[in-house]
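Note: the block below is my_file_39.cif and it holds mmCIF, C-alpha atoms and all ligand atoms.
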data_model
loop_
_atom_site.label_atom_id
_atom_site.label_comp_id
_atom_site.auth_asym_id
_atom_site.auth_seq_id
_atom_site.Cartn_x
_atom_site.Cartn_y
_atom_site.Cartn_z
CA MET I 391 20.34 72.12 -131.65
CA LYS I 392 21.38 74.92 -134.02
CA LYS I 393 18.79 77.64 -134.61
CA VAL I 394 18.30 79.45 -137.91
CA LEU I 395 16.05 82.46 -138.55
CA THR I 396 14.61 83.34 -141.93
CA ILE I 397 13.38 86.88 -142.58
CA ALA I 398 11.42 86.63 -145.82
CA GLY I 399 8.07 86.54 -147.60
CA SER I 400 5.43 83.81 -147.44
CA ASP I 401 4.65 81.72 -150.53
CA SER I 402 1.15 80.27 -150.08
CA SER I 403 2.02 77.35 -152.38
CA GLY I 404 4.89 76.35 -150.12
CA GLY I 405 7.62 76.19 -152.74
CA ALA I 406 9.58 79.39 -152.19
CA GLY I 407 10.04 82.04 -149.51
CA ILE I 408 9.54 81.31 -145.81
CA GLN I 409 8.13 77.86 -146.51
CA ALA I 410 11.14 76.76 -148.61
CA ASP I 411 13.45 78.16 -145.94
CA LEU I 412 11.75 76.36 -143.03
CA LYS I 413 11.69 73.06 -144.97
CA THR I 414 15.37 73.46 -145.79
CA ILE I 415 16.23 74.22 -142.17
CA ALA I 416 14.19 71.21 -141.00
CA ALA I 417 15.95 68.98 -143.56
CA HIS I 418 19.24 70.08 -141.99
CA LYS I 419 17.84 68.97 -138.61
CA MET I 420 17.97 72.50 -137.25
CA TYR I 421 15.39 74.64 -135.48
CA GLY I 422 13.76 77.14 -137.84
CA MET I 423 12.20 80.49 -136.94
CA SER I 424 10.52 83.01 -139.24
CA VAL I 425 9.97 86.76 -139.45
CA ILE I 426 7.46 87.39 -142.23
CA THR I 427 7.99 90.55 -144.28
CA ALA I 428 5.14 90.04 -146.74
CA LEU I 429 2.38 87.66 -147.73
CA THR I 430 2.08 86.51 -151.31
CA ALA I 431 -0.96 84.82 -152.83
CA GLN I 432 1.04 82.53 -155.05
CA ASN I 433 1.20 79.15 -156.73
CA THR I 434 3.52 77.40 -159.17
CA GLN I 435 2.06 79.50 -162.00
CA GLY I 436 2.67 82.95 -160.55
CA VAL I 437 2.05 85.62 -157.91
CA ALA I 438 -1.57 86.82 -157.76
CA GLY I 439 -1.11 89.32 -154.93
CA THR I 440 1.32 90.75 -152.39
CA LEU I 441 0.67 92.30 -148.99
CA ALA I 442 3.58 93.85 -147.07
CA THR I 443 3.88 93.57 -143.29
CA PRO I 444 4.04 97.02 -141.63
CA ALA I 445 7.76 97.69 -141.03
CA GLU I 446 7.21 98.29 -137.32
CA PHE I 447 5.68 94.83 -136.99
CA VAL I 448 8.66 93.28 -138.79
CA GLY I 449 10.79 94.88 -136.06
CA GLN I 450 8.46 93.52 -133.37
CA GLN I 451 8.83 89.98 -134.76
CA ILE I 452 12.64 90.29 -134.79
CA ASP I 453 12.65 91.55 -131.19
CA ALA I 454 10.39 88.69 -130.08
CA VAL I 455 12.77 86.13 -131.59
CA PHE I 456 16.05 87.62 -130.38
CA LYS I 457 14.81 88.27 -126.84
CA ASP I 458 14.09 84.56 -126.44
CA ILE I 459 15.81 82.14 -128.83
CA VAL I 460 18.94 83.70 -130.32
CA PRO I 461 19.59 82.30 -133.83
CA ASP I 462 23.02 80.93 -134.81
CA ALA I 463 22.56 82.31 -138.32
CA VAL I 464 20.05 84.46 -140.20
CA LYS I 465 18.92 84.36 -143.81
CA ILE I 466 17.20 87.36 -145.40
CA GLY I 467 15.07 86.88 -148.52
CA MET I 468 12.18 88.95 -149.88
CA VAL I 469 12.15 92.29 -148.04
CA PHE I 470 9.77 94.17 -150.33
CA ASN I 471 10.22 97.84 -149.38
CA GLN I 472 12.59 100.39 -147.92
CA PRO I 473 11.02 100.84 -144.46
CA ILE I 474 11.21 97.04 -143.95
CA ILE I 475 14.86 96.97 -145.07
CA ASP I 476 15.74 99.84 -142.73
CA VAL I 477 14.22 98.16 -139.68
CA ILE I 478 15.87 94.80 -140.50
CA ALA I 479 19.28 96.46 -140.90
CA GLN I 480 18.90 98.33 -137.64
CA LYS I 481 17.91 95.16 -135.76
CA MET I 482 20.70 93.05 -137.29
CA LYS I 483 23.18 95.65 -135.97
CA GLN I 484 21.45 95.92 -132.60
CA TYR I 485 21.61 92.14 -132.09
CA GLN I 486 25.12 91.92 -133.58
CA VAL I 487 24.24 89.20 -136.06
CA GLU I 488 27.47 87.77 -137.46
CA LYS I 489 26.27 85.01 -139.79
CA LEU I 490 23.95 86.73 -142.23
CA VAL I 491 23.08 85.47 -145.70
CA VAL I 492 21.31 88.07 -147.86
CA ASP I 493 19.46 86.80 -150.92
CA PRO I 494 18.71 89.99 -152.90
CA VAL I 495 15.30 88.81 -154.10
CA MET I 496 13.92 91.27 -156.64
CA VAL I 497 11.64 89.64 -159.21
CA ALA I 498 9.96 86.20 -159.23
CA THR I 499 10.69 83.88 -162.14
CA SER I 500 7.09 84.50 -163.23
CA GLY I 501 7.89 88.24 -163.54
CA SER I 502 6.20 89.67 -160.42
CA ARG I 503 8.12 92.27 -158.43
CA LEU I 504 9.12 91.10 -154.95
CA LEU I 505 11.03 94.31 -154.18
CA GLU I 506 9.85 97.84 -154.90
CA GLU I 507 12.11 99.58 -157.41
CA ASN I 508 13.01 102.42 -155.03
CA ALA I 509 14.12 99.93 -152.35
CA ILE I 510 17.17 98.67 -154.26
CA THR I 511 19.37 101.48 -152.91
CA ALA I 512 18.42 100.58 -149.32
CA LEU I 513 19.26 96.93 -150.00
CA LYS I 514 22.69 97.93 -151.32
CA THR I 515 23.57 100.46 -148.64
CA ALA I 516 21.93 99.00 -145.51
CA LEU I 517 22.01 95.21 -145.90
CA PHE I 518 24.88 94.27 -148.23
CA PRO I 519 27.67 95.76 -146.08
CA ILE I 520 26.54 93.87 -142.95
CA SER I 521 26.12 90.51 -144.73
CA THR I 522 28.39 87.45 -144.61
CA VAL I 523 27.53 86.88 -148.26
CA ILE I 524 24.94 88.03 -150.80
CA THR I 525 23.55 85.52 -153.32
CA PRO I 526 22.26 87.21 -156.50
CA ASN I 527 21.16 85.15 -159.50
CA ILE I 528 22.18 86.27 -162.98
CA MET I 529 19.31 88.75 -163.40
CA GLU I 530 19.92 90.30 -159.97
CA ALA I 531 23.67 90.45 -160.56
CA GLN I 532 23.09 92.19 -163.91
CA LEU I 533 20.92 94.75 -162.19
CA LEU I 534 23.47 95.33 -159.41
CA TRP I 535 26.39 95.51 -161.88
CA GLY I 536 24.61 97.38 -164.67
CA HIS I 537 25.78 95.14 -167.52
CA LYS I 538 24.69 91.96 -169.26
CA ILE I 539 26.12 88.62 -168.06
CA THR I 540 26.52 85.94 -170.71
CA ASP I 541 29.40 83.68 -169.66
CA ARG I 542 31.99 82.85 -167.02
CA ARG I 543 34.10 85.86 -167.81
CA SER I 544 31.23 88.33 -167.38
CA MET I 545 30.20 86.54 -164.16
CA GLU I 546 33.73 87.21 -162.87
CA ALA I 547 33.60 90.86 -163.90
CA ALA I 548 30.19 91.21 -162.21
CA GLY I 549 31.39 89.50 -159.03
CA GLN I 550 34.44 91.70 -158.80
CA ALA I 551 32.46 94.89 -159.38
CA ILE I 552 29.65 94.01 -156.94
CA ALA I 553 32.04 92.92 -154.15
CA ALA I 554 34.00 96.17 -154.53
CA ALA I 555 30.99 98.47 -154.87
CA PHE I 556 29.09 97.17 -151.86
CA ASN I 557 31.95 95.88 -149.69
CA CYS I 558 30.59 92.35 -149.38
CA HIS I 559 31.30 88.78 -150.46
CA VAL I 560 29.09 87.87 -153.41
CA LEU I 561 27.99 84.48 -154.74
CA VAL I 562 26.92 84.98 -158.36
CA LYS I 563 24.64 82.05 -159.19
CA GLY I 564 24.98 80.83 -162.76
CA GLY I 565 21.91 78.59 -162.92
CA HIS I 566 20.07 80.91 -165.30
CA LEU I 567 22.84 80.69 -167.91
CA VAL I 568 21.88 78.10 -170.48
CA GLU I 569 24.56 75.45 -170.37
CA THR I 570 26.04 75.64 -166.86
CA ALA I 571 25.07 75.41 -163.22
CA ASN I 572 28.28 76.95 -161.94
CA ASP I 573 28.38 79.60 -159.23
CA LEU I 574 31.15 82.07 -158.46
CA LEU I 575 32.12 83.37 -155.03
CA TYR I 576 33.91 86.70 -155.23
CA GLU I 577 35.23 87.88 -151.88
CA LYS I 578 35.62 91.54 -151.01
CA GLN I 579 39.39 91.05 -150.56
CA GLY I 580 39.58 90.02 -154.21
CA GLN I 581 39.85 86.21 -154.04
CA SER I 582 37.41 84.19 -156.11
CA LYS I 583 36.32 80.56 -156.27
CA TRP I 584 34.18 78.65 -158.73
CA PHE I 585 31.68 76.02 -157.56
CA GLU I 586 31.06 73.66 -160.45
CA GLY I 587 27.62 72.10 -160.62
CA GLN I 588 25.91 69.48 -162.72
CA ARG I 589 22.99 70.78 -164.75
CA ILE I 590 19.85 68.76 -164.07
CA ASP I 591 17.06 68.60 -166.60
CA ASN I 592 14.07 69.60 -164.45
CA PRO I 593 11.68 72.52 -165.11
CA ASN I 594 10.51 72.43 -161.48
CA THR I 595 12.91 74.89 -159.87
CA HIS I 596 10.55 77.15 -157.91
CA GLY I 597 12.32 78.30 -154.77
CA THR I 598 15.86 77.23 -155.70
CA GLY I 599 17.33 80.61 -154.65
CA CYS I 600 15.51 80.56 -151.30
CA THR I 601 16.64 76.99 -150.69
CA LEU I 602 20.31 77.65 -151.47
CA SER I 603 20.54 80.75 -149.28
CA SER I 604 18.90 79.08 -146.30
CA ALA I 605 21.09 75.97 -146.75
CA ILE I 606 24.15 78.27 -146.66
CA ALA I 607 22.79 79.84 -143.45
CA CYS I 608 22.38 76.33 -141.94
CA GLN I 609 25.96 75.38 -142.80
CA LEU I 610 27.27 78.66 -141.35
CA ALA I 611 25.21 77.95 -138.21
CA ALA I 612 26.90 74.53 -138.06
CA GLY I 613 30.26 76.30 -137.98
CA LEU I 614 31.53 75.76 -141.52
CA PRO I 615 33.59 78.53 -143.12
CA LEU I 616 31.93 80.30 -146.05
CA THR I 617 33.42 78.32 -148.97
CA ALA I 618 32.68 74.96 -147.33
CA ALA I 619 29.18 76.17 -146.41
CA ILE I 620 28.47 77.11 -150.04
CA ALA I 621 29.79 73.79 -151.36
CA ALA I 622 27.62 71.81 -148.93
CA ALA I 623 24.55 73.97 -149.64
CA LYS I 624 24.99 73.53 -153.38
CA GLN I 625 25.17 69.78 -152.92
CA TYR I 626 21.92 69.85 -150.92
CA LEU I 627 20.21 71.96 -153.59
CA THR I 628 21.40 69.64 -156.37
CA GLY I 629 19.80 66.68 -154.54
CA ALA I 630 16.55 68.60 -154.02
CA ILE I 631 16.34 69.38 -157.77
CA ALA I 632 17.47 65.90 -158.84
CA ALA I 633 14.71 64.24 -156.76
CA LYS I 634 12.29 65.57 -159.42
CA LEU I 635 9.17 66.22 -157.39
CA ASP I 636 6.35 67.04 -159.78
CA LEU I 637 3.57 69.17 -158.26
CA GLY I 638 1.31 71.90 -159.62
CA HIS I 639 0.62 73.21 -163.11
CA GLY I 640 3.62 75.53 -163.46
CA ALA I 641 7.26 75.58 -162.34
CA GLY I 642 6.92 73.23 -159.39
CA PRO I 643 8.69 73.14 -156.02
CA LEU I 644 11.71 71.12 -154.89
CA ASP I 645 11.87 67.99 -152.76
CA HIS I 646 13.53 68.97 -149.48
CA PHE I 647 13.47 65.51 -147.93
CA TYR I 648 14.99 63.38 -150.67
N1 LIG I 701 7.98 84.13 -153.59
C1 LIG I 701 8.70 84.46 -152.55
C2 LIG I 701 8.02 84.81 -151.28
C3 LIG I 701 10.10 84.47 -152.65
O1 LIG I 701 10.86 84.81 -151.61
C4 LIG I 701 10.72 84.13 -153.88
C5 LIG I 701 12.16 84.09 -154.08
O2 LIG I 701 12.96 84.35 -153.30
C6 LIG I 701 9.93 83.81 -154.94
C7 LIG I 701 8.56 83.81 -154.76
C8 LIG I 701 10.49 83.51 -156.28
O3 LIG I 701 10.68 82.19 -156.49
P1 LIG I 701 11.01 81.69 -157.94
O4 LIG I 701 11.66 82.81 -158.68
O5 LIG I 701 11.92 80.56 -157.71
O6 LIG I 701 9.71 81.35 -158.56
#
Can you give me the file's structure in the form of structure tokens?
Amino acid sequence: MKKVLTIAGSDSSGGAGIQADLKTIAAHKMYGMSVITALTAQNTQGVAGTLATPAEFVGQQIDAVFKDIVPDAVKIGMVFNQPIIDVIAQKMKQYQVEKLVVDPVMVATSGSRLLEENAITALKTALFPISTVITPNIMEAQLLWGHKITDRRSMEAAGQAIAAAFNCHVLVKGGHLVETANDLLYEKQGQSKWFEGQRIDNPNTHGTGCTLSSAIACQLAAGLPLTAAIAAAKQYLTGAIAAKLDLGHGAGPLDHFY
């Protein structure tokens, strides 16, 4: 059985973060493990509180996992602060992790910060260069690029600039643009590829970013090359949105077992 590790934050309502990742990994019939970087008191309506794990204890969790069950791929989500990022980066190098999906989680859809402002530099310099791919959404890509993204052409400009600036492959996710659900992979060598998606009318999209990045990690663990892994992960995500689970009073979670 393939083994996938998620290093991310807990969402008490089960829709995003660690819980979305573990459900996604289980739906791929793989063995999921978790290193928890932060707790959130959260539901479909928003984040009521956040409590970071001490960085040293994040490192202890990573050591415990790698000294026993070595993952075939790792996904990194909410990392919250710079000391946590530094310890994760150091451990990923120490354990020579080769399949590493980094979702640069910054702000929840509800507006709550999931990454301290002064930690963005650490994310860029310590984690991006050692990743297989980073998966920013439009808002995160705008922040990393420094300009507004409104259409396919600006997504391409953002992808090119981010891949060059941080020496990594970048998947710019277009789901937050009004009329499309198309994502763009821009590789650090300069090639690019569009993944066309069908837009599904469903307001319940809590945890879509977490789900896509862990599905990519699963497909990499299975041995697929990056472009095929992204295509398969996008197909899985589309099914999870299309199943139209309806839970909670806000933006509800996805159905991982459709
Ligand atoms: N909570 C946690 C712990 C997360 O990791 C994330 C996203 O990665 C979110 C919340 C945000 O989810 P959404 O923006 O889909 O509401």
Open item on the list: So the first atom is CA of Ala479 (chain I) and the second is CA of Ala531 (chain I); what is the distance between them in Å, to one decimal place?
Closed with: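 Separation between CA of Ala479 (chain I) and CA of Ala531 (chain I): 21.0 Å.
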Task: Close residues to ligand LIG 701 (chain I) using all atoms listed in the file, limit 7 Å, as a PyMOL selection string - done: chain I and resi 398-401+406-408+430+467-468+495+497-500+595-600
Open item on the list: At a cut-off of 6 Å, using only C-alpha atoms, what residues contact region 423-426 of chain I? Leave out same-chain residues fewer than 2 positions from it and give the result as a VMD selection string.
Closed with: chain I and resid 395 to 399 428 451
For C-alpha atoms, I'd like the residues from the last selection saved as a short mmCIF file (atom, residue, chain, number, x, y, z; two decimals), in the frame of the given file.
data_model
loop_
_atom_site.label_atom_id
_atom_site.label_comp_id
_atom_site.auth_asym_id
_atom_site.auth_seq_id
_atom_site.Cartn_x
_atom_site.Cartn_y
_atom_site.Cartn_z
CA LEU I 395 16.05 82.46 -138.55
CA THR I 396 14.61 83.34 -141.93
CA ILE I 397 13.38 86.88 -142.58
CA ALA I 398 11.42 86.63 -145.82
CA GLY I 399 8.07 86.54 -147.60
CA ALA I 428 5.14 90.04 -146.74
CA GLN I 451 8.83 89.98 -134.76
#
Please determine an axis-aligned box that encloses all atoms of region 557-561 of chain I listed in the file, with 4 Å added on each side, and express its centre and edge lengths in Å to one decimal as AutoDock Vina command-line options.
--center_x 30.0 --center_y 90.2 --center_z -152.1 --size_x 12.0 --size_y 19.4 --size_z 13.4
Task: Closest of I:Gly404, I:Lys392, I:Gln486, I:Leu574 to Leu644 (chain I) - atom-to-atom distances counting only C-alpha atoms - done: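 Counting only C-alpha atoms, the residue closest to Leu644 (chain I) is I:Gly404.
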- [ ] Point out the residue among I:Pro494, I:Gly422, I:Pro519, I:Pro615 with the least atom-to-atom distance to Pro461 (chain I), counting all atoms listed in the file.
- [x]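 For Pro461 (chain I), the nearest of the candidates is I:Gly422.
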Considering all atoms listed in the file, return as a compact mmCIF listing (two decimals) with C-alpha atoms, in the coordinates of the input whatever protein or nucleic-acid residues lie within 9 Å of Ser582 (chain I), sequence-local ones (same chain, fewer than 5 positions apart) excluded.
# COMPACT_ATOMS: atom_id res chain seq x y z
CA GLU I 546 33.73 87.21 -162.87
CA GLY I 549 31.39 89.50 -159.03
CA GLN I 550 34.44 91.70 -158.80
CA LEU I 574 31.15 82.07 -158.46
CA LEU I 575 32.12 83.37 -155.03
CA TYR I 576 33.91 86.70 -155.23
CA GLU I 577 35.23 87.88 -151.88
Task: Of the listed residues I:Glu488, I:Leu637, I:Gly501, I:Val562, that which approaches Gly436 (chain I) most closely, counting all atoms listed in the file - done: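 Among the listed residues, the smallest separation from Gly436 (chain I) belongs to I:Gly501.
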- [ ] Select, from I:Ile474, I:Leu513, I:Leu627, I:Ala463, the residue with the minimum atom-to-atom distance to Asp493 (chain I), counting only C-alpha atoms.
- [x]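 Counting only C-alpha atoms, the residue closest to Asp493 (chain I) is I:Leu513.
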TODO: Find the spatial neighbours of region 514-517 of chain I, counting all atoms listed in the file, within a cut-off of 9 Å - ignore same-chain residues fewer than 4 positions away - and output them as a VMD selection string.
DONE: chain I and resid 475 to 476 478 to 480 482 492 509 to 510 521 534 556
Please write the residues from the selection above to a file, keeping C-alpha atoms, as a short mmCIF file (atom, residue, chain, number, x, y, z; two decimals), in the coordinates of the input.
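Output file selection_11.cif follows:
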data_model
loop_
_atom_site.label_atom_id
_atom_site.label_comp_id
_atom_site.auth_asym_id
_atom_site.auth_seq_id
_atom_site.Cartn_x
_atom_site.Cartn_y
_atom_site.Cartn_z
CA ILE I 475 14.86 96.97 -145.07
CA ASP I 476 15.74 99.84 -142.73
CA ILE I 478 15.87 94.80 -140.50
CA ALA I 479 19.28 96.46 -140.90
CA GLN I 480 18.90 98.33 -137.64
CA MET I 482 20.70 93.05 -137.29
CA VAL I 492 21.31 88.07 -147.86
CA ALA I 509 14.12 99.93 -152.35
CA ILE I 510 17.17 98.67 -154.26
CA SER I 521 26.12 90.51 -144.73
CA LEU I 534 23.47 95.33 -159.41
CA PHE I 556 29.09 97.17 -151.86
#
TODO: Write out as a list in words which residues come within 10 Å of Ala553 (chain I) when counting only C-alpha atoms, dropping same-chain ones fewer than 5 positions away.
DONE: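 These residues fall inside the cut-off: Phe518, Pro519, Val523, Ile524, Trp535, Ala548, Cys558, His559, Val560, Leu561, Leu575, Tyr576, Glu577, Lys578, Gln579 and Gly580 of chain I.
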Near region 432-435 of chain I, counting only C-alpha atoms, which residues have an atom at most 7 Å away, once you skip same-chain residues fewer than 6 positions from it, shown as a PDB file with C-alpha atoms, in the coordinates of the input?
ATOM      1  CA  ASP I 401       4.650  81.720-150.530  1.00  0.00           C
ATOM      2  CA  SER I 402       1.150  80.270-150.080  1.00  0.00           C
ATOM      3  CA  SER I 403       2.020  77.350-152.380  1.00  0.00           C
ATOM      4  CA  GLY I 638       1.310  71.900-159.620  1.00  0.00           C
ATOM      5  CA  HIS I 639       0.620  73.210-163.110  1.00  0.00           C
ATOM      6  CA  GLY I 640       3.620  75.530-163.460  1.00  0.00           C
ATOM      7  CA  ALA I 641       7.260  75.580-162.340  1.00  0.00           C
ATOM      8  CA  GLY I 642       6.920  73.230-159.390  1.00  0.00           C
TER       9      GLY I 642
END
- [ ] Could you tell me how far CA of Val477 (chain I) lies from CA of Tyr421 (chain I), in Å and to one decimal?
- [x]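 Interatomic distance, CA of Val477 (chain I) to CA of Tyr421 (chain I): 23.9 Å.
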